[in-house]
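> Take a look at this one; I'll ask things after.
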Amino acid sequence: MDVPNPPKPTAIYNLDILEPVARDCDCACQEVCYPREAREMYQLNYALKYKCNDFIIEPIDDQFCAVITQNTNTFGVFDRSVIAFLKAFRSGATFWEASRSIVDKFGKEDACQLFDDFVYNFLLIPEPYRKPSIEKDLSSITVWLHISNQCNIACSYCYLDKDKRHMSADTGRQIIKRVFQTAQHNDCRMIKFKYAGGEPLLNFALIQELHQLAVSFSQMTGINIDEVVLTNGINLTKDKIEYIKNNGLNLMISLDGIEQFNDIHRHNINNKGTFPSIIKNIERTLAYGVLPQISITLSSLNAKGLPNVIAWVLERKLPFNLNFYRTSQFSRLQANHEDELFIFSILESFEVIKNFFPLDYSFLSIIDRSNLSFPHLYPCGVGYNYLVFDTEGNLSSCHMEINNYIAGTADEGDLLELLRKNNKIGNFSVELIEECNACRWKYWCASGCPVNKYNSEDKYDVKSPYCHVYKSVYPELIKLEGLRLLNLF
């Protein structure tokens with residue numbers, strides 16, 4: 001029976017999860033694996049039996065829980081009574097079989113709405129209980145353009161064998177042309193260009209030329225583009241900032257900490273700290289109306305300073321992401337692998353973030369090589385849809401390996417076909433990695449960076465060296481996102 005003036009249940013879904021804040025990073029972008037059949041499975045029938053999909057429940061407090069599906073893109077915050085209603089479908093039930101207590105508490109209208117939302121958001125699967133599958137989405141290409149192999153600072157963890165080479169205009173133009181031809185041939189709808197280095201602003205005239213060329217090809221082909229400049233921030237002049245703003249380019253600036261916690265990683269060739277110059281230019285970009293994303297690389301040397309830099313970033317309402325240090329051939333960083341220090345610093349930073357609620361963008365993709373906004377089979381696009389070009393136009397499948405091998409050149413045919421044929425990096429589906437089979441988090445870390453795994457373990461088909469960190473912080477990240485939604489709504 002209907003309840004007179006019943007209380008209202010709490011069920012909040014993350015409406016931003018389909019289009020989260022862009023997380024530009026200095027690695028191959030996460031592959032977004034869309035559950036292709038998912039919308040076809042939406043079937044609302046009160047007489048049909050439904051079962052719970054695969055999801056994780058994390059309690060936020062005594063009243064609310066956060067829920068995230070493991071094979072689709074649903075994230076929600078529910079009160080305990082709504083959670084109990086959802087769990088009533090675990091063994092299979094019709095709406096009428098599962099809803100008696102919820103109807104008594106909230107009334108039939110709200111109970112029907114809760115059920116409708118469960119089904120629409122894939123928390124419930126109708127008979128014959130065919131769960132959504134996860135597939136790679138290869139409708140986009142990410143292109144790393146190594147604009148310059150020169151740099152004006154000397155980061156201790158840099159993976160490059162740097163020199164003074166710049167990419168030439170002829171090489172850049174050939175790359176842009178061939179990338180668009182490849183995109184057309186493979187029916188790609190989006191190309192994401194990363195202007196990187198070295199320090200790309202040392203060859204800024206080429207960025208300007210390639211941007212104009214990319215815009216022209218985009219208009220001719222109908223293929224969308226997204227562009228980001230990855231910079232250390234030292235050489236950000238007024239003219240460069242205005243050009244970036246006026247032409248719709250995104251900007252990512254590296255800042256690893258406040259004062260010594262940045263400078264222990266990022267210093268100039270005379271071993272002088274870069275922190276004052278970086279923050280001066282971040283403030284300058286804000287003054288000109290440009291909102292940069294901040295990339296923070298974490299090692300055992302600067303981890304204790306993470307909460308303070310997070311506070312500094314959020315005081316300026318800047319988006320950010322965390323990158324965990326990865327070993328490489330040319331790195332000079334003498335840092336230990338200290339999982340517990342990472343975990344402690346990240347969890348302390350989560351407490352700092354809570355002080356800035358409400359915030360209107362999701363935090364589900366801030367942790368190294370992870371994106372909890374969508375499930376993933378692969379940690380990155382290496383070997384599939386990530387094209388890396390050095391200053392000479394040589395093609396590699398990962399910028400971390402740009403010094404070590406060549407998969408082809410920009411003068412050769414279909415670049416994706418060339419990449420997949422000659423790729424030497426074992427970027428395996430997480431479902432093929434035995435150590436990850438039983439892990440409930442596997443579709444979010446997807447076993448981690450393949451190059452980092454190989455450098456650490458001398459093989460690719462293993463779990464990430466940071467597995468323990470991921471498993472420790474993911475539950476708290478889910479709670480943090482749930483708390484953000486409660487504060488927002």
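As shown in the structure tokens, the chain order sets the letters A, B, ...; within each chain, residues go from 1, and ligands are also counted from 1 in the order they appear.
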Could you pull out the strand (DSSP E) residues of range 184-243 of chain A, going by DSSP on the backbone, and write them as a count of residues only?
16
> Write out as a PDB file with N, CA and C atoms, in the first residue's frame the residues lying within 7 Å of Glu481 in chain A, counting only C-alpha atoms and excluding same-chain residues fewer than 3 positions away.

ATOM      1  N   SER A 362      34.675  15.299 -11.182  1.00  0.00           N
ATOM      2  CA  SER A 362      34.920  13.993 -10.599  1.00  0.00           C
ATOM      3  C   SER A 362      36.400  13.787 -10.269  1.00  0.00           C
ATOM      4  N   PHE A 363      36.637  12.982  -9.222  1.00  0.00           N
ATOM      5  CA  PHE A 363      38.001  12.609  -8.830  1.00  0.00           C
ATOM      6  C   PHE A 363      38.340  11.172  -9.224  1.00  0.00           C
ATOM      7  N   LEU A 364      37.503  10.533 -10.005  1.00  0.00           N
ATOM      8  CA  LEU A 364      37.684   9.113 -10.282  1.00  0.00           C
ATOM      9  C   LEU A 364      38.877   8.801 -11.183  1.00  0.00           C
ATOM     10  N   LEU A 477      39.153   6.219  -2.607  1.00  0.00           N
ATOM     11  CA  LEU A 477      38.816   7.125  -3.706  1.00  0.00           C
ATOM     12  C   LEU A 477      37.325   7.054  -4.023  1.00  0.00           C
ATOM     13  N   ILE A 478      36.770   5.859  -4.001  1.00  0.00           N
ATOM     14  CA  ILE A 478      35.336   5.695  -4.236  1.00  0.00           C
ATOM     15  C   ILE A 478      34.531   6.397  -3.147  1.00  0.00           C
ATOM     16  N   ARG A 484      31.875  13.596  -2.293  1.00  0.00           N
ATOM     17  CA  ARG A 484      31.784  14.779  -3.166  1.00  0.00           C
ATOM     18  C   ARG A 484      30.357  14.952  -3.692  1.00  0.00           C
ATOM     19  N   LEU A 485      29.757  13.837  -4.130  1.00  0.00           N
ATOM     20  CA  LEU A 485      28.394  13.909  -4.658  1.00  0.00           C
ATOM     21  C   LEU A 485      27.400  14.323  -3.578  1.00  0.00           C
TER      22      LEU A 485
END
> Per residue of range 201-288 of chain A within 12 Å of range 296-311 of chain A, which atom pair is closest and at what distance in Å (one decimal), using only C-alpha atoms, listed by chain and increasing number, as CSV?

residue,atom,partner,partner_atom,distance
A:Asn232,CA,A:Ile296,CA,11.2
A:Met252,CA,A:Ile296,CA,10.4
A:Ile253,CA,A:Ile296,CA,8.8
A:Ser254,CA,A:Ile296,CA,6.1
A:Leu255,CA,A:Ile296,CA,5.5
A:Asp256,CA,A:Ile296,CA,4.6
A:Gly257,CA,A:Val309,CA,5.0
A:Ile258,CA,A:Val309,CA,5.6
A:Glu259,CA,A:Gly305,CA,9.3
A:Gln260,CA,A:Asn302,CA,8.3
A:Phe261,CA,A:Asn302,CA,4.9
A:Asn262,CA,A:Asn302,CA,7.2
A:Asp263,CA,A:Asn302,CA,9.2
A:Ile264,CA,A:Leu301,CA,7.3
A:His265,CA,A:Asn302,CA,8.0
A:Arg266,CA,A:Thr297,CA,10.1
A:Phe275,CA,A:Val309,CA,11.4
A:Ile279,CA,A:Val309,CA,11.1
> Dump C-alpha atoms for the selected residues as a PDB file, in the first residue's frame?

ATOM      1  CA  ASN A 232      57.318  22.314 -17.393  1.00  0.00           C
ATOM      2  CA  MET A 252      49.209  20.740 -18.672  1.00  0.00           C
ATOM      3  CA  ILE A 253      51.957  21.935 -16.307  1.00  0.00           C
ATOM      4  CA  SER A 254      54.131  19.719 -14.129  1.00  0.00           C
ATOM      5  CA  LEU A 255      54.415  20.648 -10.446  1.00  0.00           C
ATOM      6  CA  ASP A 256      55.608  17.955  -8.046  1.00  0.00           C
ATOM      7  CA  GLY A 257      55.326  19.747  -4.726  1.00  0.00           C
ATOM      8  CA  ILE A 258      55.767  22.954  -2.781  1.00  0.00           C
ATOM      9  CA  GLU A 259      59.325  24.337  -2.691  1.00  0.00           C
ATOM     10  CA  GLN A 260      61.839  21.545  -1.887  1.00  0.00           C
ATOM     11  CA  PHE A 261      59.329  18.778  -2.655  1.00  0.00           C
ATOM     12  CA  ASN A 262      59.180  20.026  -6.237  1.00  0.00           C
ATOM     13  CA  ASP A 263      62.838  20.955  -6.535  1.00  0.00           C
ATOM     14  CA  ILE A 264      64.096  17.541  -5.436  1.00  0.00           C
ATOM     15  CA  HIS A 265      62.707  16.283  -8.763  1.00  0.00           C
ATOM     16  CA  ARG A 266      62.608  19.341 -10.978  1.00  0.00           C
ATOM     17  CA  PHE A 275      59.464  26.009  -7.984  1.00  0.00           C
ATOM     18  CA  ILE A 279      54.200  28.878  -9.666  1.00  0.00           C
TER      19      ILE A 279
END
> How many Å separate CA of Ser373 in chain A from CA of Ile191 in chain A?
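Going from CA of Ser373 in chain A over to CA of Ile191 in chain A, I get 20.6 Å.
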> What is the distance between CA of Asp54 in chain A and CA of Ser139 in chain A, in Å to one decimal?
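Interatomic distance, CA of Asp54 in chain A to CA of Ser139 in chain A: 26.4 Å.
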